[in-house]
Amino acid sequence: MSGAAGASAPLVELRHVTKRFGPVVAVRDFSLAVQPGEFLTLLGPSGCGKTTVLRMIAGLEHPDEGEIWVDGQPVFSWERGVFLPPGARHLGMVFQNFALWPHMTVFENVAFGLQVRRYPPAEIPRRVEEALASLHLEGLGLRYPHELSGGQQQRVALARMLVTGPRLLLMDEPLSNLDAKLRTAMRAEVKRVHAASRATTIYVTHDQIEALTMSDRVAVMRAGQILQLGPPQDLYERPATLFVADFVGNPMINLLRGVMGRGQGATGIAIGPLIVPGQADLPDGAGVVVAVRPEDWQVGQDGAPATVEQVQPTGSDLLLLARLGEHTVLVRAPKDLRVRPGQAIRLSVASHRVNVFDPQTEQAVPFHAA
Amino acid sequence: MRNLHGWAGLVIAVLAAAVVPGRSPVLAQPAPPPATQEWLKAARLGPYVEPRFDAAALYEQARREGAVTVYSYSSRIHAIGGTFEKQYPGIKVNAFDLDGAEIITKVLAEQRARNYQADLIFLPEVATVKHQLMPRWMVFNYVPPDLVTKIPRQYREPLLARHFSFRVVFYNNERYASPPVNNLWDLTRPEWKGRVMLPDPLKIPEYLSFLVTVVQRADEMAAAHQRKYGDLRLSPGIENAGYEWIRRLLANDLIIAPSTDEVTNAIGRPGQTAPPIGISAWSRMRDKVRRPTLRFEPVLAMEPVAAVSDLTILAIPAHAPHPAAAKLLIRWMMGDEKGGQGFEPFYIEGHLPTRTDVPPPPGMPMLYHLKVWDQDYDVIWKQSTKVREFWLRYLR
Amino acid sequence: MAVFSPALVVCLHRLRFGLARPHVIIGLALGVLLALLVVAPMLQLVVTTLTWSDEDLRAHPDAEPGAPTAFHWRRVFSSEISRNVLYVPLANSLVTALGASAVALAVGGLLAWLVVRTDVLGRTWLQTLGVVPYVLPSWTIALVWLILFRSPRAGAGVGLVESATGAPPPDWLAYGPLPIVVVLGLHYFPFAFLLLAAAMRSLDASLEESGEVLGARGGTILRRITVPLLLPALLSAFILTFSKALGTFGTPYLLGLPVRYFTLSTMIYAHIVSRAAAGGYILALVLIVISALTVHANQRAIGARRSFVTITGRGMRTRIRPLGPWRAPAAAFAWGVIAIAVVVPLGLLLWNSLMRYPDDYSLRNLTAHFWIGRSDPAIADGEAGILRNRPILGAAFNSLRLSVATAVLTGVAGLAVGLAVVRGRGTLLAKMVEQVSFLPYLVPSIAFGAVYLAVFLRSWGPLPALYGTFALLVLTCTVKNLPFASRSGIAALMQVSGELEEASAVLGAGLWLRVRRILVPLVASGLLSGVLLAFISTMRELSLIILLITPATRTLTTMTFRYTEQGLPQFANAIIVLLIALILVGELLARRLEARAATAPRERGDRL
């Protein structure tokens with residue numbers, strides 16, 4: 001078994017975990033190892049099973065099969081008949097809706113975990129004050145949750161999670177209930193909390209920006225399984241499946257139908273009038289899906305002819321909708337480019353920037369410049 | 001409710017096993033069960049009863065018991081309880097007035113549940129006590145030894161009867177200078193339609209017994225009809241003159257009352273132009289003391305009978321927790337040769353003591369001056385259900 | 001391990017892990033309790049009707065007690081007495097229950113409309129007083145009816161109408177279906193009033209206004225828009241009134257017996273007191289079936305429509321309609337209803353309790369004897385006034401402790417059912433608990449009492465023979481009140497996001513700590529309404545416990561019933577006034593408690 005000691009012994013490990021809700025399989029044969037101190041994000045659309053995985057680690061759900069280990073100790077195992085209740089797993093958790101107890105003050109909310117864990121009563125106020133101070137909540141101890149702003153509520157939830165000093169932090173879409181501006185600020189806050197506490201963190205979100213900006217590694221999930229696990233940059237640049245390519249990245253990636261072919265003396269993929277040179281292990285004439293990030297287009301003298309249909313200045317750059325043969329493509333161009341709708345331009349893309357997928361299997365197909 | 005079907009079968013299967021046993025009814029047995037024997041011995045009842053009545057010794061024991069719980073068919077028990085508590089300080093009387101049927105139901109329930117509360121029952125339900133409670137050793141007779149010679153045998157065996165009560169027909173003597181009826185069959189005549197009252201026989205067993213006695217005396221009923229109205233023609237399917245009378249009574253828009261005093265109060269209210277008549281307890285005459293404006297009198301010149309008598313008995317339920325106090329209270333309630341405080345609330349017109357050494361209460365004629373039917377408790381036991389079903393059948 | 005088959009291991013683990021979850025334990029415990037206290041007694045009842053009892057030996061000497069027989073069913077369904085025992089009372093029950101529901105819906109609906117949608121005089125007061133008839137014991141208005149219309153048929157004096165006019169009121173006005181329908185309707189209209197007022201309040205005026213803009217007339221709007229939108233509330237009010245009226249005993253007995261007008265409930269009572277229990281149980285089963293069918297039909301009718309009650313949401317306006325020239329007649333109607341159902345009953349009861357002779361309404365007849373008099377042999381068989389009367393004060397104490405115990409237990413049970421159902425949502429166990437906890441609702445009160453009497457005469461499963469104990473009364477009232485308590489428990493817990501509890505579980509709080517520190521404070525105010533309802537309905541309960549009461553466990557309601565029967569209405573009425581005072585004090589205390597609890601802010605997190 002892989003639970004052996006070693007420098008890289010995972011802090012959390014799920015082995016072949018399956019969870020069903022009635023006839024629905026929420027999590028299917030799920031295995032994952034999270035390294036100590038790591039910030040790992042489970043990313044996926046709603047209903048993909050990411051929250052269920054988190055809740056199984058917390059002990060709030062019972063898997064139907066498999067084992068879960070935390071810190072070298074099984075917290076759940078069918079075979080061994082082990083189930084540690086949530087409180088015995090010594091972890092901290094933040095819920096999507098903060099789950100602050102409305103009938104308790106901020107102080108009481110934060111102090112609850114210390115009381116439950118029977119900290120000396122004299123010590124509790126000091127620890128609570130420290131936790132509140134570390135989240136810039138000084139002076140708010142006597143308020144009730146509904147008297148706080150959304151950001152403050154979120155910080156109280158973080159303080160409540162951190163105050164008992166858990167080694168493992170679980171966060172279930174903690175920022176989804178905040179407005180966009182606050183969310184950016186809280187991302188930094190969460191990151192800071194992680195850095196300061198050095199606690200292993202498993203973070204669940206459907207927001208790929210959160211996933212990419214905060215994580216050491218991201219696991220993209222769909223239908224109860226991991227499609228791809230890796231550092232954010234890998235996910236972004238080398239998505240393993242069409243789904244990952246589509247799900248990760250903003251603005252949306254261009255998915256274009258192309259055909260493997262040989263023409264004008266070079267092999268490549270024809271996307272309408274555009275040829276992306278390169279080789280793949282596919283027969284000529286095979287249909288493929290080519291994924292091109294909007295910022296990877298080059299607008300210039302070379303390339304295939306295209307017509308600008310719409311110009312959307314975002315401030316930092318321009319988003320163009322351009323007609324490329326039968327396709328409409330999204331192009332991110334420098335903000336100083338002077339174009340108008342109807343104007344003819346030329347588009348090209350570097351071969352190493354495209355990702356090619358088999359439309360049947362939706363898996364990536366290796367493609368490289370000749 | 002759609003989801004019910006799935007698990008209902010399972011639950012039924014599991015529980016069916018639990019339901020069926022525990023149903024064995026308590027049946028008559030040749031001898032009291034051992035636990036009851038023990039209690040009888042301790043309580044000095046049944047075969048172990050003291051040969052002599054020693055009031056002082058009994059009081060001593062009763063005081064140690066401290067209280068006595070009595071279920072009485074009459075609210076007058078409260079007054080008796082008061083005089084008893086004065087006579088025998090230290091013994092608290094917990095008196096509850098209930099319908100006779102309620103008393104039976106409760107004693108049965110207490111005996112089956114082994115939750116013994118009553119020490120003494122005081123009720124006119126002789127048939128049921130004799131035929132249902134006694135054979136199951138749920139109730140025991142106690143005759144104070146000093147009274148054995150003063151009470152005819154049939155009034156102390158198998159159960160001690162304290163007094164007679166009488167069901168009579170009442171009329172309003174303000175509106176009518178003399179009784180407007182003189183025959184039970186008059187009550188079924190059109191001129192009394194909607195103006196005859198009877199306490200609910202389903203609820204008050206004395207009146208079901210009254211109806212049973214009427215059925216039992218069907219021949220005399222028929223004769224009475226013959227004398228006043230000629231030959232009685234029975235309606236189709238009606239067995240005898242007794243049933244015929246009940247049927248006609250119901251068909252004459254009989255008013256059913258929830259209690260006996262509802263009847264006498266309605267009859268006796270002054271200032272009526274068309275007061276009702278009705279059957280009630282003779283002892284309701286005392287209501288006229290309570291409310292002097294009431295004007296009602298019994299019809300004593302009634303055919304074929306003036307009054308149907310019934311006995312009111314005293315008995316001690318098995319395992320009564322305060323048996324000595326119960327005995328003492330029985331003795332107190334039996335009164336003395338002048339009536340006595342323990343008898344007093346019943347020493348009124350409408351009752352007669354069973355003690356032969358006590359003169360009739362003031363205003364009460366001697367029994368032999370009256371046409372009275374004594375109830376036959378064996379017949380009542382056997383026929384009550386049949387008469388009840390007949391009553392239900394012709395209720396409307 | 002190896003000796004066990006994997007399937008068995010999985011089974012055992014499933015059990016083990018299941019038991020680690022509190023809502024599963026609670027659900028299982030509740031399942032067992034409900035099976036024992038609800039399902040099994042009903043089965044026992046059925047079994048009893050299918051066996052000979054020793055009572056049957058009287059008329060059927062060859063019957064073998066305990067042996068199976070269809071005799072009782074034949075007797076009730078197809079014998080010479082079936083007509084009077086089953087069919088006529090059944091028809092009467094349906095007529096009075098339907099009539100009472102119609103009266104209740106009409107009065108309650110109109111009152112609700114006036115209070116919510118119009119500028120009728122004294123809206124706030126109407127709103128408060130409109131609920132009071134439900135607080136009064138169900139037969140109070142029947143007593144008032146007798147005070148007004150009493151005729152020689154019911155003995156004990158003459159009514160006000162005859163006093164005033166000199167002529168006795170006709171029987172059809174004094175007794176029988178008409179007064180029963182009116183009296184029950186006036187007693188039960190608060191259901192319709194409360195439900196319809198709430199529905200009207202949540203009905204956005206713009207829904208009606210958009211109809212108006214399209215040119216629809218008032219009548220069309222009422223018929224095509226308002227009534228369909230209110231239909232779920234109307235149906236709920238109907239079903240509540242109908243099944244309550246079906247099971248009620250006091251009113252039809254007092255107003256029906258003198259003219260031999262029997263309903264199923266009074267016929268059940270007659271059977272049980274005349275010791276034909278099996279027949280009574282069969283009639284009780286008939287009532288249960290009717291109730292169940294009605295509720296089922298109601299669920300089907302509402303099922304498809306429920307969705308649009310919820311679409312209304314927040315930010316609505318209700319429009320107050322000026323009544324104009326109709327203001328005076330509308331106020332007269334509304335206040336007339338309150339007068340008839342609240343003020344006059346209370347006033348007459350009080351007055352009557354102060355009368356020396358029950359039919360003399362003159363001032364010189366006034367006496368305080370029935371309240372504070374010492375024992376006087378000349379009055380009421382020597383019974384002392386109720387405030388000096390030990391049995392009555394004892395009964396008052398019994399009523400209070402029964403109601404408080406029932407209310408507390410009901411609250412606990414409601415919370416437990418809520419936990420098992422809400423936290424275990426979707427599981428078979430949760431569904432079962434939810435459904436069974438609703439069953440007592442289907443059983444009319446008098447039948448429910450009959451079932452418990454039959455079952456608890458003997459020891460029952462692990463329970464001892466409870467007949468005659470106070471515990472049995474508490475148990476009966478608790479189980480009978482369970483449906484409302486469970487509903488409010490489920491509703492209250494639905495509003496508390498599971499995360500609030502999980503957040504504490506993650507921090508290591510055990511079940512008891514979670515319940516005490518998180519759940520109870522959060523659901524307390526939601527549960528309180530169910531608890532208060534249980535308190536009130538137990539205080540004024542008669543039908544349910546009339547068969548179970550023993551001398552030592554008498555309550556005020558059974559005392560007043562008894563005094564009414566004995567022709568001592570002054571006592572009965574004084575006791576009812578005392579009872580109402582106790583209920584109002586209890587309610588006031590509960591509201592005070594709630595207000596104090598509410599001083600701590602109770603916004604409930606985001607998901608609420």
# chains A, B, ... in the order shown; residues from 1 in each chain; ligands from 1
$ select_by_dssp --residues "range 106-165 of chain B" --states "helix (DSSP H, G or I)" --output "list in words"
Lys106, Val107, Leu108, Ala109, Glu110, Gln111, Arg112, Ala113, Val126, Ala127, Thr128, Val129, Lys130, His131, Gln132, Leu133, Pro145, Asp146, Leu147, Val148, Thr149, Lys150, Arg153, Gln154 and Tyr155 of chain B
$ residues_around --residues "Ile340 in chain C" --least-positions-apart "6" --cutoff "12 Å" --atoms "only C-alpha atoms" --output "tab-separated table (two decimals) with C-alpha atoms, in the first residue's frame"
chain	number	residue	atom	x	y	z
C	107	VAL	CA	-67.54	33.01	8.26
C	129	LEU	CA	-60.34	38.13	18.79
C	130	GLY	CA	-60.94	36.03	15.69
C	132	VAL	CA	-60.39	33.10	20.54
C	133	PRO	CA	-63.25	30.69	19.67
C	140	THR	CA	-68.89	26.06	25.07
C	141	ILE	CA	-70.91	27.54	22.29
C	142	ALA	CA	-73.26	24.56	22.59
C	144	VAL	CA	-74.52	29.06	25.08
C	145	TRP	CA	-76.96	27.74	22.55
C	148	LEU	CA	-80.44	30.81	24.61
C	182	VAL	CA	-73.95	26.44	13.46
C	183	VAL	CA	-72.25	25.83	16.79
C	185	GLY	CA	-69.03	26.23	12.46
C	186	LEU	CA	-68.70	29.08	14.92
C	187	HIS	CA	-66.24	27.09	16.96
C	332	ALA	CA	-71.69	44.78	11.96
C	333	PHE	CA	-71.08	41.36	10.44
C	334	ALA	CA	-67.52	41.03	11.70
C	346	LEU	CA	-68.02	34.27	27.71
C	347	GLY	CA	-70.51	36.77	29.09
C	348	LEU	CA	-73.34	34.27	29.32
$ residues_around --residues "range 134-141 of chain B" --least-positions-apart "2" --cutoff "7 Å" --atoms "only C-alpha atoms" --output "list in words"
Leu27, Ala28, Gln29, Pro32, Gly46, Gln111, Val129, Lys130, His131, Gln132, Val143, Pro158, Leu159, Leu160, Ala315, Ile316, Pro317 and Ala318 of chain B
$ closest_residue --among "B:Gln61, B:Asn252, B:Thr83, B:Asn115" --to "chain C" --atoms "only C-alpha atoms"
B:Asn115
$ atom_distance --atom1 "CA of Trp73 in chain C" --atom2 "CA of Thr128 in chain B"
24.9 Å
$ select_by_dssp --residues "range 69-266 of chain B" --states "strand (DSSP E or B)" --output "CSV table (one decimal) with N, CA and C atoms, in the first residue's frame"
chain,number,residue,atom,x,y,z
B,69,THR,N,-61.1,5.1,49.2
B,69,THR,CA,-61.5,5.7,48.0
B,69,THR,C,-62.8,5.0,47.6
B,70,VAL,N,-63.8,5.8,47.3
B,70,VAL,CA,-65.1,5.2,47.0
B,70,VAL,C,-65.7,5.7,45.7
B,71,TYR,N,-66.1,4.7,44.9
B,71,TYR,CA,-66.8,5.1,43.6
B,71,TYR,C,-68.3,5.0,43.9
B,72,SER,N,-68.9,6.1,43.7
B,72,SER,CA,-70.3,6.2,44.1
B,72,SER,C,-71.2,6.6,42.8
B,92,LYS,N,-59.3,9.9,55.5
B,92,LYS,CA,-59.8,10.8,54.4
B,92,LYS,C,-60.6,10.0,53.4
B,93,VAL,N,-61.8,10.6,53.1
B,93,VAL,CA,-62.6,9.9,52.1
B,93,VAL,C,-62.4,10.5,50.7
B,94,ASN,N,-61.9,9.7,49.8
B,94,ASN,CA,-61.8,10.2,48.4
B,94,ASN,C,-63.0,9.7,47.7
B,95,ALA,N,-64.0,10.5,47.5
B,95,ALA,CA,-65.3,10.1,46.9
B,95,ALA,C,-65.4,10.6,45.5
B,96,PHE,N,-65.8,9.7,44.6
B,96,PHE,CA,-65.9,10.0,43.2
B,96,PHE,C,-67.3,9.6,42.8
B,97,ASP,N,-68.1,10.6,42.2
B,97,ASP,CA,-69.4,10.1,41.7
B,97,ASP,C,-69.3,9.9,40.2
B,120,LEU,N,-64.1,0.8,47.7
B,120,LEU,CA,-65.5,0.6,47.9
B,120,LEU,C,-66.3,1.0,46.7
B,121,ILE,N,-67.2,0.2,46.3
B,121,ILE,CA,-68.1,0.6,45.2
B,121,ILE,C,-69.5,0.7,45.7
B,122,PHE,N,-70.3,1.6,45.2
B,122,PHE,CA,-71.6,1.9,45.7
B,122,PHE,C,-72.5,2.2,44.5
B,123,LEU,N,-73.3,1.2,44.1
B,123,LEU,CA,-73.9,1.4,42.8
B,123,LEU,C,-75.1,0.4,42.7
B,139,VAL,N,-64.6,-8.6,43.0
B,139,VAL,CA,-65.3,-7.9,44.0
B,139,VAL,C,-65.7,-8.8,45.1
B,140,PHE,N,-65.7,-8.3,46.4
B,140,PHE,CA,-66.1,-9.2,47.5
B,140,PHE,C,-67.2,-8.5,48.3
B,160,LEU,N,-74.3,-7.2,49.6
B,160,LEU,CA,-75.0,-6.4,50.6
B,160,LEU,C,-75.7,-5.2,49.9
B,161,ALA,N,-77.0,-5.3,50.0
B,161,ALA,CA,-77.8,-4.2,49.5
B,161,ALA,C,-78.1,-3.2,50.6
B,162,ARG,N,-77.9,-1.9,50.3
B,162,ARG,CA,-78.1,-0.9,51.3
B,162,ARG,C,-79.5,-0.3,51.3
B,163,HIS,N,-80.0,0.0,50.1
B,163,HIS,CA,-81.3,0.6,50.1
B,163,HIS,C,-82.0,0.3,48.8
B,164,PHE,N,-83.3,0.5,48.8
B,164,PHE,CA,-84.1,0.4,47.5
B,164,PHE,C,-84.2,1.8,46.9
B,165,SER,N,-84.2,1.8,45.6
B,165,SER,CA,-84.5,3.0,44.8
B,165,SER,C,-85.7,2.6,43.9
B,166,PHE,N,-86.4,3.5,43.4
B,166,PHE,CA,-87.6,3.2,42.6
B,166,PHE,C,-87.6,4.1,41.3
B,167,ARG,N,-87.9,3.4,40.2
B,167,ARG,CA,-88.2,4.2,39.0
B,167,ARG,C,-89.7,4.4,39.0
B,168,VAL,N,-90.1,5.7,38.9
B,168,VAL,CA,-91.5,6.0,38.9
B,168,VAL,C,-91.8,7.0,37.8
B,169,VAL,N,-93.1,7.2,37.4
B,169,VAL,CA,-93.5,8.1,36.5
B,169,VAL,C,-93.8,9.4,37.2
B,170,PHE,N,-93.2,10.5,36.7
B,170,PHE,CA,-93.5,11.8,37.4
B,170,PHE,C,-94.4,12.7,36.5
B,171,TYR,N,-95.2,13.6,37.2
B,171,TYR,CA,-96.0,14.6,36.4
B,171,TYR,C,-95.9,15.9,37.1
B,183,ASN,N,-101.7,4.7,33.5
B,183,ASN,CA,-101.3,3.4,32.9
B,183,ASN,C,-100.1,3.7,32.1
B,196,VAL,N,-92.7,12.9,26.6
B,196,VAL,CA,-92.3,11.9,27.6
B,196,VAL,C,-90.8,11.8,27.6
B,197,MET,N,-90.2,11.8,28.8
B,197,MET,CA,-88.8,11.8,29.0
B,197,MET,C,-88.3,10.5,29.7
B,198,LEU,N,-87.1,10.1,29.2
B,198,LEU,CA,-86.5,8.9,29.9
B,198,LEU,C,-85.0,9.1,29.9
B,199,PRO,N,-84.4,8.9,31.0
B,199,PRO,CA,-82.9,9.0,31.1
B,199,PRO,C,-82.3,8.0,30.1
B,255,ILE,N,-88.2,11.7,24.5
B,255,ILE,CA,-87.1,12.6,24.7
B,255,ILE,C,-86.1,11.9,25.6
B,256,ILE,N,-84.9,11.7,25.1
B,256,ILE,CA,-83.9,11.0,25.9
B,256,ILE,C,-83.0,12.0,26.7
B,257,ALA,N,-82.9,11.9,27.9
B,257,ALA,CA,-82.2,12.9,28.8
B,257,ALA,C,-80.9,12.2,29.2
$ atom_distance --atom1 "CA of Thr118 in chain C" --atom2 "CA of Pro322 in chain C"
5.8 Å
$ residues_around --residues "Leu264 in chain C" --least-positions-apart "6" --cutoff "10 Å" --atoms "only C-alpha atoms" --output "number ranges by chain"
C: 85-94, 246-249, 252, 270, 280, 283-284, 286-287, 446-447
$ residues_around --residues "Trp192 in chain B" --least-positions-apart "6" --cutoff "12 Å" --atoms "only C-alpha atoms" --output "PyMOL selection string"
chain B and resi 171+180-181+184-186+248-255+274-278
